[in-house]
Amino acid sequence: MSGHSKWATIKRKKGKLDAERGRLFTKLIKEITIAARDGGGDPKGNPRLRTAIENAKAESMPAANIDRAVLKGTGELPGTRYDEYFYEGYGPGGVALLIQVLTDNKNRTTGELRHLMTKHGGNLGEAGCVAWMFSTRGLISIDKSMVAEDKLLEIALDAGAEDVSAESDAYEVTTAVADFAAVQTALDGAGITFLSAELARLPATSVTVGEKDAVQLLKLLEMLEDHDDVQKVFSNFDISDELMEKLRGE
């Protein structure tokens, strides 16, 4: 399991996103807005927008909020202009970090992220220093109680998924970018709901960290994702299942 997946597992256990719904809504609205701006306001022809809207609905965002975000993205309503950037660097233990942000002020965001990284044992690097380690894939997480593994395998693979893996509390379906929407549609049609669905940057290789580095790294990831401009953080860390369970309980 990738570091991105293990971090998601730990977050689900802590329930952090549920405790900070306002901040989560802000991030979802930004994603809907920029997806509509870049690909148009029709989710049928804009896979990124479709995914953003489905994720917003999964978090019980009111339909009116979603509609306003789409209209702001298409320019039919006034709104703040956000631009997308990726920051690259290293965390404790030499773990690679790829940070996706949506911001209206790049200089402010750069300074704040540099401060957070330095404070928690990391450092920002030059463009391209870690991006080559990651490839873009569709990643769909499904609670194990939703469906039997053999049924999920049949539906997902028939729809074009690359892989289905069973993790500690969820199944993870991985797809090529081109097949992401088709796999989502097939799962929807089978009545299978998602914990999350996203275009993720997944690492080709991982770096195993011990408890000291893991504790510091997870604190850094938490602080980064708490930043208003940060949408997602991808990493290539790995830890043992025993250590993961310990960290989930803290």
# chains A, B, ... in the order shown; residues from 1 in each chain; ligands from 1

$ residues_around --residues "His115 of chain A" --least-positions-apart "5" --cutoff "12 Å" --atoms "only C-alpha atoms" --output "JSON, numbers by chain"
{"A": [108, 109, 110, 120, 121, 122, 123, 124, 220, 223, 224, 227]}

$ closest_atom_pairs --of "segment 212-247 of chain A" --to "segment 182-201 of chain A" --cutoff "12 Å" --atoms "only C-alpha atoms" --output "tab-separated table"
residue	atom	partner	partner_atom	distance
A:Gln231	CA	A:Ala200	CA	11.3
A:Lys232	CA	A:Ala200	CA	8.7
A:Val233	CA	A:Arg201	CA	8.9
A:Phe234	CA	A:Arg201	CA	6.2
A:Ser235	CA	A:Arg201	CA	8.4
A:Asn236	CA	A:Arg201	CA	9.8

$ residues_around --residues "Asp104 of chain A" --least-positions-apart "3" --cutoff "9 Å" --atoms "only C-alpha atoms" --output "VMD selection string"
chain A and resid 80 to 83 108 to 109 229

$ select_by_dssp --residues "segment 15-248 of chain A" --states "helix (DSSP H, G or I)" --output "ChimeraX atom specification"
/A:16-19,21-39,43-45,47-58,63-74,92-94,106-119,131-133,144-146,149-158,177-189,211-226,241-248

$ select_by_dssp --residues "segment 158-195 of chain A" --states "strand (DSSP E or B)" --output "list in words"
Asp163, Val164, Ser165, Ala166, Ala170, Tyr171, Glu172, Val173, Thr174 and Thr175 of chain A

$ write_last_selection --atoms "N, CA and C atoms" --output "PDB file, in the first residue's frame"
ATOM      1  N   ASP A 163      -6.188  -2.645 -11.290  1.00  0.00           N
ATOM      2  CA  ASP A 163      -5.931  -3.503 -10.131  1.00  0.00           C
ATOM      3  C   ASP A 163      -6.985  -3.233  -9.059  1.00  0.00           C
ATOM      4  N   VAL A 164      -7.234  -4.252  -8.234  1.00  0.00           N
ATOM      5  CA  VAL A 164      -8.064  -4.112  -7.043  1.00  0.00           C
ATOM      6  C   VAL A 164      -7.292  -4.733  -5.894  1.00  0.00           C
ATOM      7  N   SER A 165      -7.072  -3.956  -4.833  1.00  0.00           N
ATOM      8  CA  SER A 165      -6.324  -4.477  -3.686  1.00  0.00           C
ATOM      9  C   SER A 165      -7.153  -4.329  -2.426  1.00  0.00           C
ATOM     10  N   ALA A 166      -6.963  -5.265  -1.506  1.00  0.00           N
ATOM     11  CA  ALA A 166      -7.666  -5.235  -0.222  1.00  0.00           C
ATOM     12  C   ALA A 166      -6.721  -4.688   0.828  1.00  0.00           C
ATOM     13  N   ALA A 170     -10.418  -1.042   3.631  1.00  0.00           N
ATOM     14  CA  ALA A 170     -11.056  -0.650   2.371  1.00  0.00           C
ATOM     15  C   ALA A 170     -10.452  -1.406   1.201  1.00  0.00           C
ATOM     16  N   TYR A 171     -11.217  -1.484   0.124  1.00  0.00           N
ATOM     17  CA  TYR A 171     -10.672  -1.933  -1.155  1.00  0.00           C
ATOM     18  C   TYR A 171     -10.197  -0.702  -1.918  1.00  0.00           C
ATOM     19  N   GLU A 172      -9.129  -0.869  -2.687  1.00  0.00           N
ATOM     20  CA  GLU A 172      -8.641   0.221  -3.520  1.00  0.00           C
ATOM     21  C   GLU A 172      -8.604  -0.241  -4.969  1.00  0.00           C
ATOM     22  N   VAL A 173      -9.314   0.497  -5.796  1.00  0.00           N
ATOM     23  CA  VAL A 173      -9.369   0.211  -7.225  1.00  0.00           C
ATOM     24  C   VAL A 173      -8.493   1.233  -7.939  1.00  0.00           C
ATOM     25  N   THR A 174      -7.534   0.741  -8.717  1.00  0.00           N
ATOM     26  CA  THR A 174      -6.625   1.608  -9.451  1.00  0.00           C
ATOM     27  C   THR A 174      -6.924   1.523 -10.935  1.00  0.00           C
ATOM     28  N   THR A 175      -6.936   2.682 -11.603  1.00  0.00           N
ATOM     29  CA  THR A 175      -7.246   2.716 -13.026  1.00  0.00           C
ATOM     30  C   THR A 175      -6.264   3.627 -13.764  1.00  0.00           C
TER      31      THR A 175
END
